[in-house]
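One file, coords08.txt, is given below (compact mmCIF, C-alpha atoms (C1' of nucleotides)).
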```txt
# COMPACT_ATOMS: atom_id res chain seq x y z
CA MET Z 1 7.09 -4.88 6.08
CA GLY Z 2 8.86 -7.94 4.74
CA ARG Z 3 12.18 -8.37 6.49
CA GLU Z 4 13.45 -11.62 5.04
CA THR Z 5 14.08 -11.11 1.35
CA PRO Z 6 14.32 -7.75 -0.39
CA PRO Z 7 11.43 -5.72 1.08
CA ALA Z 8 8.71 -6.50 -1.50
CA LEU Z 9 7.42 -3.71 -3.70
CA GLY Z 10 3.89 -2.43 -3.50
CA GLU Z 11 1.82 -2.33 -6.64
CA PHE Z 12 2.01 1.38 -7.20
CA GLU Z 13 5.71 1.43 -6.47
CA GLN Z 14 6.18 -1.18 -9.09
CA MET Z 15 4.30 0.83 -11.65
CA VAL Z 16 6.16 4.00 -10.85
CA LEU Z 17 9.44 2.21 -11.20
CA LEU Z 18 8.45 0.88 -14.57
CA ALA Z 19 7.19 4.27 -15.63
CA VAL Z 20 10.56 5.78 -14.73
CA LEU Z 21 12.19 3.19 -16.91
CA CYS Z 22 9.82 3.90 -19.79
CA ALA Z 23 10.03 7.66 -19.51
CA GLY Z 24 13.79 7.54 -19.25
CA ARG Z 25 14.21 5.94 -22.62
CA ASP Z 26 13.87 9.14 -24.63
CA ASP Z 27 13.28 11.99 -22.25
CA ASP Z 28 14.28 12.61 -18.71
CA ALA Z 29 12.24 10.79 -16.12
CA TYR Z 30 10.99 13.52 -13.80
CA GLY Z 31 7.77 13.75 -11.77
CA LEU Z 32 5.18 15.00 -14.21
CA ASN Z 33 6.74 13.08 -17.02
CA VAL Z 34 6.56 9.84 -15.08
CA LEU Z 35 2.95 10.55 -14.20
CA ALA Z 36 2.11 11.07 -17.84
CA GLU Z 37 3.83 7.85 -18.84
CA LEU Z 38 1.97 5.99 -16.14
CA GLU Z 39 -1.40 7.35 -17.16
CA THR Z 40 -1.07 6.77 -20.86
CA ARG Z 41 0.35 3.28 -20.56
CA THR Z 42 -1.95 1.94 -17.88
CA ASN Z 43 -4.96 4.06 -18.64
CA ARG Z 44 -5.28 4.71 -14.95
CA ARG Z 45 -5.41 8.11 -13.26
CA ALA Z 46 -3.10 9.11 -10.48
CA SER Z 47 -2.43 12.37 -8.72
CA ARG Z 48 0.81 14.28 -8.76
CA GLY Z 49 1.19 13.92 -5.03
CA ALA Z 50 0.94 10.17 -5.21
CA VAL Z 51 3.73 10.03 -7.73
CA TYR Z 52 6.06 12.42 -5.96
CA MET Z 53 5.57 10.64 -2.65
CA THR Z 54 6.33 7.31 -4.18
CA LEU Z 55 9.35 8.62 -6.04
CA ASP Z 56 10.61 9.95 -2.75
CA ARG Z 57 10.11 6.72 -0.88
CA LEU Z 58 11.71 4.68 -3.59
CA GLU Z 59 14.76 6.88 -3.49
CA LYS Z 60 15.00 6.49 0.27
CA LYS Z 61 14.90 2.76 -0.20
CA GLY Z 62 17.73 2.95 -2.67
CA LEU Z 63 15.65 1.90 -5.63
CA LEU Z 64 16.00 5.23 -7.40
CA SER Z 65 18.67 7.89 -7.58
CA SER Z 66 18.06 11.46 -8.62
CA TYR Z 67 19.79 14.60 -9.82
CA LEU Z 68 18.65 18.11 -10.55
CA THR Z 69 18.71 19.69 -14.00
CA GLY Z 70 19.14 23.35 -14.67
CA PRO Z 71 16.09 25.34 -15.80
CA THR Z 72 15.25 25.24 -19.51
CA PRO Z 73 14.39 28.35 -21.57
CA GLU Z 74 10.72 27.46 -21.96
CA ARG Z 75 7.64 29.01 -20.59
CA GLY Z 76 7.81 27.99 -16.94
CA GLY Z 77 10.78 25.76 -17.59
CA ARG Z 78 11.83 25.07 -14.05
CA ALA Z 79 14.62 22.89 -12.73
CA LYS Z 80 13.59 19.26 -12.69
CA ARG Z 81 14.47 16.41 -10.43
CA CYS Z 82 15.26 13.46 -12.67
CA TYR Z 83 15.32 9.86 -11.63
CA ARG Z 84 17.14 6.72 -12.61
CA VAL Z 85 16.44 3.21 -11.40
CA THR Z 86 19.21 1.40 -9.57
CA LYS Z 87 20.39 -2.18 -9.87
CA SER Z 88 18.40 -3.18 -6.80
CA ALA Z 89 15.29 -1.79 -8.42
CA LEU Z 90 15.80 -3.93 -11.47
CA ALA Z 91 16.26 -6.98 -9.30
CA ALA Z 92 13.16 -6.17 -7.28
CA LEU Z 93 11.12 -5.64 -10.43
CA ARG Z 94 12.22 -8.90 -11.90
CA ALA Z 95 11.40 -10.71 -8.66
CA SER Z 96 7.94 -9.20 -8.53
CA ARG Z 97 7.30 -10.13 -12.06
CA ARG Z 98 8.49 -13.67 -11.58
CA ALA Z 99 6.17 -14.12 -8.61
CA LEU Z 100 3.15 -12.78 -10.43
CA THR Z 101 3.90 -14.76 -13.53
CA ALA Z 102 4.25 -17.97 -11.57
CA LEU Z 103 0.82 -17.43 -10.09
CA TRP Z 104 -0.77 -16.55 -13.39
CA ASP Z 105 0.70 -19.65 -14.93
CA GLY Z 106 -0.86 -21.75 -12.21
CA VAL Z 107 -4.24 -20.44 -13.20
CA ARG Z 108 -3.98 -20.53 -16.94
CA GLY Z 109 -6.53 -22.77 -18.59
CA SER Z 110 -9.03 -22.80 -15.78
CA GLU Z 111 -11.63 -20.21 -14.98
CA ILE Z 112 -9.60 -17.15 -15.83
CA MET E 113 -8.07 4.83 -2.04
CA GLY E 114 -8.84 5.21 -5.72
CA ARG E 115 -12.43 6.21 -6.17
CA GLU E 116 -12.58 6.60 -9.93
CA THR E 117 -12.30 3.15 -11.43
CA PRO E 118 -12.58 -0.14 -9.51
CA PRO E 119 -10.48 0.45 -6.36
CA ALA E 120 -7.12 -0.95 -7.55
CA LEU E 121 -5.75 -4.06 -5.89
CA GLY E 122 -2.69 -4.02 -3.72
CA GLU E 123 0.14 -6.33 -4.56
CA PHE E 124 -0.45 -8.84 -1.81
CA GLU E 125 -4.19 -8.86 -2.45
CA GLN E 126 -3.48 -9.68 -6.02
CA MET E 127 -1.30 -12.60 -5.08
CA VAL E 128 -3.77 -13.93 -2.56
CA LEU E 129 -6.53 -13.76 -5.12
CA LEU E 130 -4.44 -15.67 -7.60
CA ALA E 131 -3.47 -18.20 -4.97
CA VAL E 132 -7.13 -18.79 -4.19
CA LEU E 133 -7.68 -19.44 -7.84
CA CYS E 134 -4.73 -21.84 -8.02
CA ALA E 135 -5.56 -23.66 -4.84
CA GLY E 136 -9.19 -23.97 -5.81
CA ARG E 137 -8.42 -25.98 -8.91
CA ASP E 138 -7.99 -29.31 -7.15
CA ASP E 139 -8.51 -28.77 -3.45
CA ASP E 140 -10.54 -26.36 -1.47
CA ALA E 141 -9.08 -22.91 -1.15
CA TYR E 142 -8.92 -22.26 2.58
CA GLY E 143 -6.46 -20.22 4.61
CA LEU E 144 -3.50 -22.49 5.13
CA ASN E 145 -3.93 -24.01 1.75
CA VAL E 146 -3.84 -20.63 0.08
CA LEU E 147 -0.76 -19.73 2.07
CA ALA E 148 1.00 -22.88 0.94
CA GLU E 149 0.11 -22.21 -2.67
CA LEU E 150 1.39 -18.69 -2.39
CA GLU E 151 4.67 -19.72 -0.84
CA THR E 152 5.50 -22.52 -3.22
CA ARG E 153 4.57 -20.61 -6.34
CA THR E 154 6.17 -17.31 -5.53
CA ASN E 155 8.94 -18.58 -3.30
CA ARG E 156 8.10 -15.82 -0.89
CA ARG E 157 7.27 -16.25 2.80
CA ALA E 158 4.14 -14.89 4.38
CA SER E 159 2.51 -15.36 7.75
CA ARG E 160 -0.81 -16.99 8.44
CA GLY E 161 -2.25 -13.82 9.88
CA ALA E 162 -1.39 -11.83 6.79
CA VAL E 163 -3.29 -14.28 4.65
CA TYR E 164 -6.34 -14.48 6.87
CA MET E 165 -6.52 -10.72 7.15
CA THR E 166 -6.31 -10.28 3.43
CA LEU E 167 -8.85 -12.99 2.77
CA ASP E 168 -11.19 -11.21 5.13
CA ARG E 169 -10.74 -7.83 3.54
CA LEU E 170 -11.18 -9.20 0.06
CA GLU E 171 -14.43 -10.80 1.09
CA LYS E 172 -15.67 -7.53 2.55
CA LYS E 173 -14.87 -5.85 -0.75
CA GLY E 174 -16.88 -8.44 -2.61
CA LEU E 175 -13.92 -9.99 -4.36
CA LEU E 176 -14.26 -13.30 -2.56
CA SER E 177 -17.13 -15.31 -1.18
CA SER E 178 -16.80 -18.02 1.43
CA TYR E 179 -18.54 -20.98 2.98
CA LEU E 180 -17.78 -23.32 5.85
CA THR E 181 -17.08 -27.02 5.45
CA GLY E 182 -17.88 -29.62 8.04
CA PRO E 183 -14.98 -31.11 9.98
CA THR E 184 -13.06 -33.92 8.29
CA PRO E 185 -12.04 -37.15 10.05
CA GLU E 186 -8.34 -36.32 10.15
CA ARG E 187 -6.07 -35.51 12.99
CA GLY E 188 -7.24 -32.05 13.98
CA GLY E 189 -9.56 -31.89 11.01
CA ARG E 190 -11.46 -28.75 11.85
CA ALA E 191 -14.12 -26.99 9.87
CA LYS E 192 -12.56 -24.86 7.16
CA ARG E 193 -13.60 -21.60 5.64
CA CYS E 194 -13.27 -21.99 1.90
CA TYR E 195 -13.12 -19.19 -0.60
CA ARG E 196 -14.09 -18.59 -4.17
CA VAL E 197 -13.24 -15.59 -6.29
CA THR E 198 -16.10 -13.53 -7.67
CA LYS E 199 -16.60 -12.04 -11.10
CA SER E 200 -15.41 -8.64 -9.89
CA ALA E 201 -12.22 -10.22 -8.68
CA LEU E 202 -11.54 -11.67 -12.08
CA ALA E 203 -12.13 -8.31 -13.68
CA ALA E 204 -9.85 -6.60 -11.19
CA LEU E 205 -7.13 -9.16 -11.73
CA ARG E 206 -7.27 -8.81 -15.45
CA ALA E 207 -7.12 -5.02 -15.15
CA SER E 208 -4.09 -5.18 -12.91
CA ARG E 209 -2.37 -7.51 -15.23
CA ARG E 210 -3.10 -5.42 -18.26
CA ALA E 211 -1.64 -2.35 -16.58
CA LEU E 212 1.53 -4.12 -15.55
CA THR E 213 1.95 -5.77 -18.90
CA ALA E 214 1.58 -2.47 -20.73
CA LEU E 215 4.37 -1.01 -18.65
CA TRP E 216 6.62 -4.00 -19.08
CA ASP E 217 6.13 -3.84 -22.80
CA GLY E 218 7.20 -0.23 -22.82
CA VAL E 219 10.48 -1.24 -21.25
CA ARG E 220 11.29 -4.36 -23.18
CA GLY E 221 14.47 -4.12 -25.15
CA SER E 222 16.12 -1.40 -23.13
CA GLU E 223 17.98 -1.83 -19.89
CA ILE E 224 15.77 -4.43 -18.33
C1' DT V 225 7.59 46.02 -13.07
C1' DT V 226 3.60 43.92 -11.81
C1' DG V 227 0.87 40.26 -12.46
C1' DA V 228 -0.98 36.26 -14.88
C1' DT V 229 0.32 31.84 -16.71
C1' DT V 230 2.98 27.71 -17.13
C1' DT V 231 5.74 23.92 -15.51
C1' DG V 232 7.22 21.84 -11.75
C1' DT V 233 8.23 20.31 -6.84
C1' DC V 234 6.95 19.06 -2.32
C1' DC V 235 4.09 18.65 1.97
C1' DT V 236 0.07 17.63 4.91
C1' DA V 237 -3.18 14.60 6.27
C1' DC V 238 -5.64 10.62 5.97
C1' DA V 239 -7.26 5.94 4.01
C1' DT V 240 -5.94 1.47 2.85
C1' DT V 241 -2.85 -2.43 2.86
C1' DG V 242 0.70 -5.45 4.73
C1' DT V 243 2.43 -8.05 8.58
C1' DT V 244 3.63 -10.22 12.83
C1' DG V 245 2.63 -12.72 16.77
C1' DC V 246 -0.50 -14.33 19.75
C1' DT V 247 -4.98 -16.31 21.26
C1' DG V 248 -8.68 -19.53 20.59
C1' DT V 249 -11.12 -23.85 19.02
C1' DA V 250 -11.99 -28.48 17.86
C1' DA V 251 -10.63 -33.27 16.58
C1' DG V 252 -7.69 -37.51 17.20
C1' DG V 253 -4.20 -40.00 19.39
C1' DT V 254 -2.12 -42.04 23.52
C1' DA O 255 -6.83 -36.31 30.85
C1' DC O 256 -3.34 -34.39 28.11
C1' DC O 257 -0.62 -33.62 24.12
C1' DT O 258 -0.49 -32.74 19.28
C1' DT O 259 -2.25 -31.38 14.90
C1' DA O 260 -4.90 -28.40 11.86
C1' DC O 261 -7.33 -24.60 11.65
C1' DA O 262 -9.44 -19.62 12.34
C1' DG O 263 -9.20 -15.01 13.79
C1' DC O 264 -7.81 -10.63 16.31
C1' DA O 265 -5.12 -6.64 18.02
C1' DA O 266 -1.86 -3.52 17.02
C1' DC O 267 1.39 -1.43 14.38
C1' DA O 268 4.25 -0.38 10.02
C1' DA O 269 4.30 0.75 5.35
C1' DT O 270 1.91 2.18 1.18
C1' DG O 271 -1.45 4.72 -1.62
C1' DT O 272 -3.87 8.97 -2.45
C1' DA O 273 -5.99 13.49 -2.94
C1' DG O 274 -5.52 18.20 -2.69
C1' DG O 275 -3.24 21.83 -2.16
C1' DA O 276 0.78 25.32 -1.15
C1' DC O 277 4.95 26.89 -2.93
C1' DA O 278 8.89 28.16 -6.48
C1' DA O 279 10.76 29.86 -10.55
C1' DA O 280 10.61 31.08 -15.28
C1' DT O 281 8.40 33.50 -19.15
C1' DC O 282 5.01 36.57 -21.31
C1' DA O 283 2.23 40.63 -21.84
C1' DA O 284 0.75 45.02 -20.52
```
Just give me the structure of the file as structure tokens.
Amino acid sequence: MGRETPPALGEFEQMVLLAVLCAGRDDDAYGLNVLAELETRTNRRASRGAVYMTLDRLEKKGLLSSYLTGPTPERGGRAKRCYRVTKSALAALRASRRALTALWDGVRGSEI
Amino acid sequence: MGRETPPALGEFEQMVLLAVLCAGRDDDAYGLNVLAELETRTNRRASRGAVYMTLDRLEKKGLLSSYLTGPTPERGGRAKRCYRVTKSALAALRASRRALTALWDGVRGSEI
DNA sequence: TTGATTTGTCCTACATTGTTGCTGTAAGGT
DNA sequence: ACCTTACAGCAACAATGTAGGACAAATCAA
């Protein structure tokens, strides 16, 4: 993909990244949790697979880091893989936002 | 891709759509023009092919409509294919923006 | 202790998007 | 004629987006 500047984020990647950030504020940001955050905030459905895949790719690109928790004493409380966004991710997010904002600003007032 | 709600826009599609809107305010929104708009606004490089491809796909999805102009009396002034965004495109853009905004709002104040 | 249930992870397989680089076309200039 | 400028468009490949499971481990209930 882009090879000049930081390799531009896709739309879903962007949302997942933001959802990790949101989810990580109180709870841990792990797969299902991130999915839930994404769905409630954006009112858009996504599948588990989509989220896990994206989480995986983002980690490979160095935009997320992860660690495993121990199992919790709840019904089915398995070990979770929790994510944190990295500095690069924050930079990439800000860049994406700036770009989109600039375009939206150019439109404001006309037919939108 | 998504088959539930309107088939979510990709990131680049979104930007191209917005660039068409921007470019169409004064001039005609045709390929190279849209590319220029995109690059100046977002400060991000893209190739001609990428833009033409995307324009094409968006038209096939009913998010853009196009018409041909006659040639202009300039050096190399060929006929241009000009684009206009459709109602669906506007709806899709607004939806994308809403989703992103909701996520950004959920983050505001913390580590961003 | 076997099995159902819950909470989670991860993979397979495929559709859609993103991108480059090149080819093609027409008009004006010289 | 031939070069240059201003466009359009394709082929081919890389990366992303997505659904739909299969699998793993813990707890509960009999």
### Query
Taking all atoms listed in the file into account, which residues of chain O are within 6 Å of chain E, as an MDAnalysis selection string?
chainID O and resid 259:261 272
List as JSON lines every residue of chain V that is in contact with chain Z, defined as an atom at most 10 Å from one of its atoms (using all atoms listed in the file), together with the nearest atom pair and the distance in Å rounded to one decimal, sorted by chain and then rising number.
```
{"residue": "V:DT229", "atom": "C1'", "partner": "Z:Gly76", "partner_atom": "CA", "distance": 8.4}
{"residue": "V:DT230", "atom": "C1'", "partner": "Z:Gly76", "partner_atom": "CA", "distance": 4.8}
{"residue": "V:DT231", "atom": "C1'", "partner": "Z:Gly76", "partner_atom": "CA", "distance": 4.8}
{"residue": "V:DG232", "atom": "C1'", "partner": "Z:Arg78", "partner_atom": "CA", "distance": 6.1}
{"residue": "V:DT233", "atom": "C1'", "partner": "Z:Lys80", "partner_atom": "CA", "distance": 8.0}
{"residue": "V:DC234", "atom": "C1'", "partner": "Z:Tyr52", "partner_atom": "CA", "distance": 7.6}
{"residue": "V:DC235", "atom": "C1'", "partner": "Z:Gly49", "partner_atom": "CA", "distance": 8.9}
{"residue": "V:DT241", "atom": "C1'", "partner": "Z:Gly10", "partner_atom": "CA", "distance": 9.3}
{"residue": "V:DG242", "atom": "C1'", "partner": "Z:Met1", "partner_atom": "CA", "distance": 6.6}
{"residue": "V:DT243", "atom": "C1'", "partner": "Z:Met1", "partner_atom": "CA", "distance": 6.2}
{"residue": "V:DT244", "atom": "C1'", "partner": "Z:Met1", "partner_atom": "CA", "distance": 9.3}
```
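The two identical-sequence chains, chain Z and chain E, differ by a C-alpha RMSD of 0.1 Å after optimal least-squares superposition.
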### Query
Within 10 Å of Arg98 of chain Z, counting all atoms listed in the file, which residues qualify if same-chain residues fewer than 6 places away don't, as a list in words?
Ala92 and Trp104 of chain Z; Arg153, Thr154 and Asn155 of chain E
Keeping only C-alpha atoms, write the selected residues to a file as a PDB file, in the frame of the given file.
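So the final result, stored in result06.pdb, reads:
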```pdb
ATOM      1  CA  ALA Z  92      13.160  -6.170  -7.280  1.00  0.00           C
ATOM      2  CA  TRP Z 104      -0.770 -16.550 -13.390  1.00  0.00           C
TER       3      TRP Z 104
ATOM      4  CA  ARG E 153       4.570 -20.610  -6.340  1.00  0.00           C
ATOM      5  CA  THR E 154       6.170 -17.310  -5.530  1.00  0.00           C
ATOM      6  CA  ASN E 155       8.940 -18.580  -3.300  1.00  0.00           C
TER       7      ASN E 155
END
```
Sorted per-residue table, chain Z near chain E, closest atoms and distance, 7 Å, all atoms listed in the file, as JSON lines:
```
{"residue": "Z:Gly10", "atom": "CA", "partner": "E:Glu123", "partner_atom": "CA", "distance": 5.5}
{"residue": "Z:Glu11", "atom": "CA", "partner": "E:Glu123", "partner_atom": "CA", "distance": 4.8}
{"residue": "Z:Met15", "atom": "CA", "partner": "E:Leu212", "partner_atom": "CA", "distance": 6.9}
{"residue": "Z:Leu18", "atom": "CA", "partner": "E:Leu215", "partner_atom": "CA", "distance": 6.1}
{"residue": "Z:Ala19", "atom": "CA", "partner": "E:Leu215", "partner_atom": "CA", "distance": 6.7}
{"residue": "Z:Leu21", "atom": "CA", "partner": "E:Val219", "partner_atom": "CA", "distance": 6.4}
{"residue": "Z:Cys22", "atom": "CA", "partner": "E:Val219", "partner_atom": "CA", "distance": 5.4}
{"residue": "Z:Arg41", "atom": "CA", "partner": "E:Ala214", "partner_atom": "CA", "distance": 5.9}
{"residue": "Z:Thr42", "atom": "CA", "partner": "E:Ala211", "partner_atom": "CA", "distance": 4.5}
{"residue": "Z:Leu90", "atom": "CA", "partner": "E:Ile224", "partner_atom": "CA", "distance": 6.9}
{"residue": "Z:Ala99", "atom": "CA", "partner": "E:Thr154", "partner_atom": "CA", "distance": 4.4}
{"residue": "Z:Leu100", "atom": "CA", "partner": "E:Met127", "partner_atom": "CA", "distance": 7.0}
{"residue": "Z:Ala102", "atom": "CA", "partner": "E:Arg153", "partner_atom": "CA", "distance": 5.9}
{"residue": "Z:Leu103", "atom": "CA", "partner": "E:Leu130", "partner_atom": "CA", "distance": 6.1}
{"residue": "Z:Trp104", "atom": "CA", "partner": "E:Leu130", "partner_atom": "CA", "distance": 6.9}
{"residue": "Z:Gly106", "atom": "CA", "partner": "E:Cys134", "partner_atom": "CA", "distance": 5.7}
{"residue": "Z:Val107", "atom": "CA", "partner": "E:Cys134", "partner_atom": "CA", "distance": 5.4}
{"residue": "Z:Ile112", "atom": "CA", "partner": "E:Leu202", "partner_atom": "CA", "distance": 6.9}
```
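Atom to atom, atom CA of Lys172 of chain E and atom C1' of DT249 of chain V stand 23.6 Å apart.
The spacing separating atom CA of Lys173 of chain E from atom CA of Ala148 of chain E amounts to 23.3 Å.
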### Task
Fewer than 5 positions away in the same chain doesn't count, so skip those; otherwise give me all residues within 12 Å of DG227 of chain V, counting only C-alpha atoms (C1' of nucleotides), as a VMD selection string.
chain O and resid 282 to 284
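Atom CA of Ala89 of chain Z to atom CA of Val34 of chain Z spans 16.0 Å [interatomic distance, one decimal].
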Report, as AutoDock Vina command-line options, the axis-aligned box around all atoms of segment 241-254 of chain V present in the file, extended by 6 Å on each side; give centre and edge lengths in Å to one decimal place.
```
--center_x -4.2 --center_y -22.2 --center_z 13.2 --size_x 27.6 --size_y 51.6 --size_z 32.7
```
### Message
The residues within 7 Å of (-2.6, 0.7, 2.7), using all atoms listed in the file and the coordinates of the file, should be reported as a PyMOL selection string; which are they?
### Response
(chain V and resi 240-241) or (chain O and resi 270-271)
Fill-in result for segment 55-83 of chain Z, N, CA and C atoms as an mmCIF file, keeping the file's coordinate frame:
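Wrote it out as out_34.cif, contents follow:
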```
data_model
loop_
_atom_site.group_PDB
_atom_site.id
_atom_site.type_symbol
_atom_site.label_atom_id
_atom_site.label_comp_id
_atom_site.auth_asym_id
_atom_site.auth_seq_id
_atom_site.Cartn_x
_atom_site.Cartn_y
_atom_site.Cartn_z
ATOM 1 N N LEU Z 55 7.998 8.390 -5.528
ATOM 2 C CA LEU Z 55 9.350 8.620 -6.040
ATOM 3 C C LEU Z 55 10.294 8.837 -4.854
ATOM 4 N N ASP Z 56 9.818 9.635 -3.922
ATOM 5 C CA ASP Z 56 10.610 9.950 -2.750
ATOM 6 C C ASP Z 56 10.930 8.713 -1.929
ATOM 7 N N ARG Z 57 9.916 7.928 -1.685
ATOM 8 C CA ARG Z 57 10.110 6.720 -0.880
ATOM 9 C C ARG Z 57 11.033 5.739 -1.572
ATOM 10 N N LEU Z 58 10.875 5.618 -2.854
ATOM 11 C CA LEU Z 58 11.710 4.680 -3.590
ATOM 12 C C LEU Z 58 13.167 5.121 -3.537
ATOM 13 N N GLU Z 59 13.379 6.424 -3.574
ATOM 14 C CA GLU Z 59 14.760 6.880 -3.490
ATOM 15 C C GLU Z 59 15.339 6.571 -2.122
ATOM 16 N N LYS Z 60 14.534 6.784 -1.090
ATOM 17 C CA LYS Z 60 15.000 6.490 0.270
ATOM 18 C C LYS Z 60 15.332 5.020 0.443
ATOM 19 N N LYS Z 61 14.644 4.188 -0.292
ATOM 20 C CA LYS Z 61 14.900 2.760 -0.200
ATOM 21 C C LYS Z 61 16.033 2.317 -1.117
ATOM 22 N N GLY Z 62 16.598 3.264 -1.807
ATOM 23 C CA GLY Z 62 17.730 2.950 -2.670
ATOM 24 C C GLY Z 62 17.336 2.315 -3.992
ATOM 25 N N LEU Z 63 16.088 2.478 -4.377
ATOM 26 C CA LEU Z 63 15.650 1.900 -5.630
ATOM 27 C C LEU Z 63 15.701 2.923 -6.768
ATOM 28 N N LEU Z 64 15.864 4.174 -6.397
ATOM 29 C CA LEU Z 64 16.000 5.230 -7.400
ATOM 30 C C LEU Z 64 17.118 6.155 -6.955
ATOM 31 N N SER Z 65 17.741 6.811 -7.921
ATOM 32 C CA SER Z 65 18.670 7.890 -7.580
ATOM 33 C C SER Z 65 18.209 9.101 -8.372
ATOM 34 N N SER Z 66 18.564 10.278 -7.920
ATOM 35 C CA SER Z 66 18.060 11.460 -8.620
ATOM 36 C C SER Z 66 19.118 12.551 -8.722
ATOM 37 N N TYR Z 67 18.914 13.442 -9.667
ATOM 38 C CA TYR Z 67 19.790 14.600 -9.820
ATOM 39 C C TYR Z 67 18.929 15.743 -10.331
ATOM 40 N N LEU Z 68 19.418 16.954 -10.128
ATOM 41 C CA LEU Z 68 18.650 18.110 -10.550
ATOM 42 C C LEU Z 68 19.180 18.658 -11.866
ATOM 43 N N THR Z 69 18.279 19.056 -12.753
ATOM 44 C CA THR Z 69 18.710 19.690 -14.000
ATOM 45 C C THR Z 69 18.651 21.195 -13.804
ATOM 46 N N GLY Z 70 19.296 21.909 -14.681
ATOM 47 C CA GLY Z 70 19.140 23.350 -14.670
ATOM 48 C C GLY Z 70 17.820 23.690 -15.344
ATOM 49 N N PRO Z 71 17.344 24.917 -15.165
ATOM 50 C CA PRO Z 71 16.090 25.340 -15.800
ATOM 51 C C PRO Z 71 16.271 25.422 -17.315
ATOM 52 N N THR Z 72 15.205 25.134 -18.044
ATOM 53 C CA THR Z 72 15.250 25.240 -19.510
ATOM 54 C C THR Z 72 14.566 26.518 -19.941
ATOM 55 N N PRO Z 73 14.919 27.052 -21.119
ATOM 56 C CA PRO Z 73 14.390 28.350 -21.570
ATOM 57 C C PRO Z 73 12.993 28.246 -22.150
ATOM 58 N N GLU Z 74 12.102 27.533 -21.495
ATOM 59 C CA GLU Z 74 10.720 27.460 -21.960
ATOM 60 C C GLU Z 74 9.854 28.231 -21.003
ATOM 61 N N ARG Z 75 8.685 28.463 -21.461
ATOM 62 C CA ARG Z 75 7.640 29.010 -20.590
ATOM 63 C C ARG Z 75 7.574 28.171 -19.326
ATOM 64 N N GLY Z 76 7.891 28.736 -18.195
ATOM 65 C CA GLY Z 76 7.810 27.990 -16.940
ATOM 66 C C GLY Z 76 8.805 26.869 -16.788
ATOM 67 N N GLY Z 77 9.843 26.880 -17.621
ATOM 68 C CA GLY Z 77 10.780 25.760 -17.590
ATOM 69 C C GLY Z 77 11.657 25.698 -16.356
ATOM 70 N N ARG Z 78 11.124 25.137 -15.332
ATOM 71 C CA ARG Z 78 11.830 25.070 -14.050
ATOM 72 C C ARG Z 78 12.883 23.973 -14.036
ATOM 73 N N ALA Z 79 13.683 23.985 -12.962
ATOM 74 C CA ALA Z 79 14.620 22.890 -12.730
ATOM 75 C C ALA Z 79 13.808 21.635 -12.422
ATOM 76 N N LYS Z 80 14.299 20.521 -12.912
ATOM 77 C CA LYS Z 80 13.590 19.260 -12.690
ATOM 78 C C LYS Z 80 14.443 18.322 -11.871
ATOM 79 N N ARG Z 81 13.750 17.482 -11.116
ATOM 80 C CA ARG Z 81 14.470 16.410 -10.430
ATOM 81 C C ARG Z 81 14.275 15.138 -11.253
ATOM 82 N N CYS Z 82 15.362 14.635 -11.806
ATOM 83 C CA CYS Z 82 15.260 13.460 -12.670
ATOM 84 C C CYS Z 82 15.709 12.209 -11.958
ATOM 85 N N TYR Z 83 15.073 11.121 -12.314
ATOM 86 C CA TYR Z 83 15.320 9.860 -11.630
ATOM 87 C C TYR Z 83 15.889 8.797 -12.545
#
```
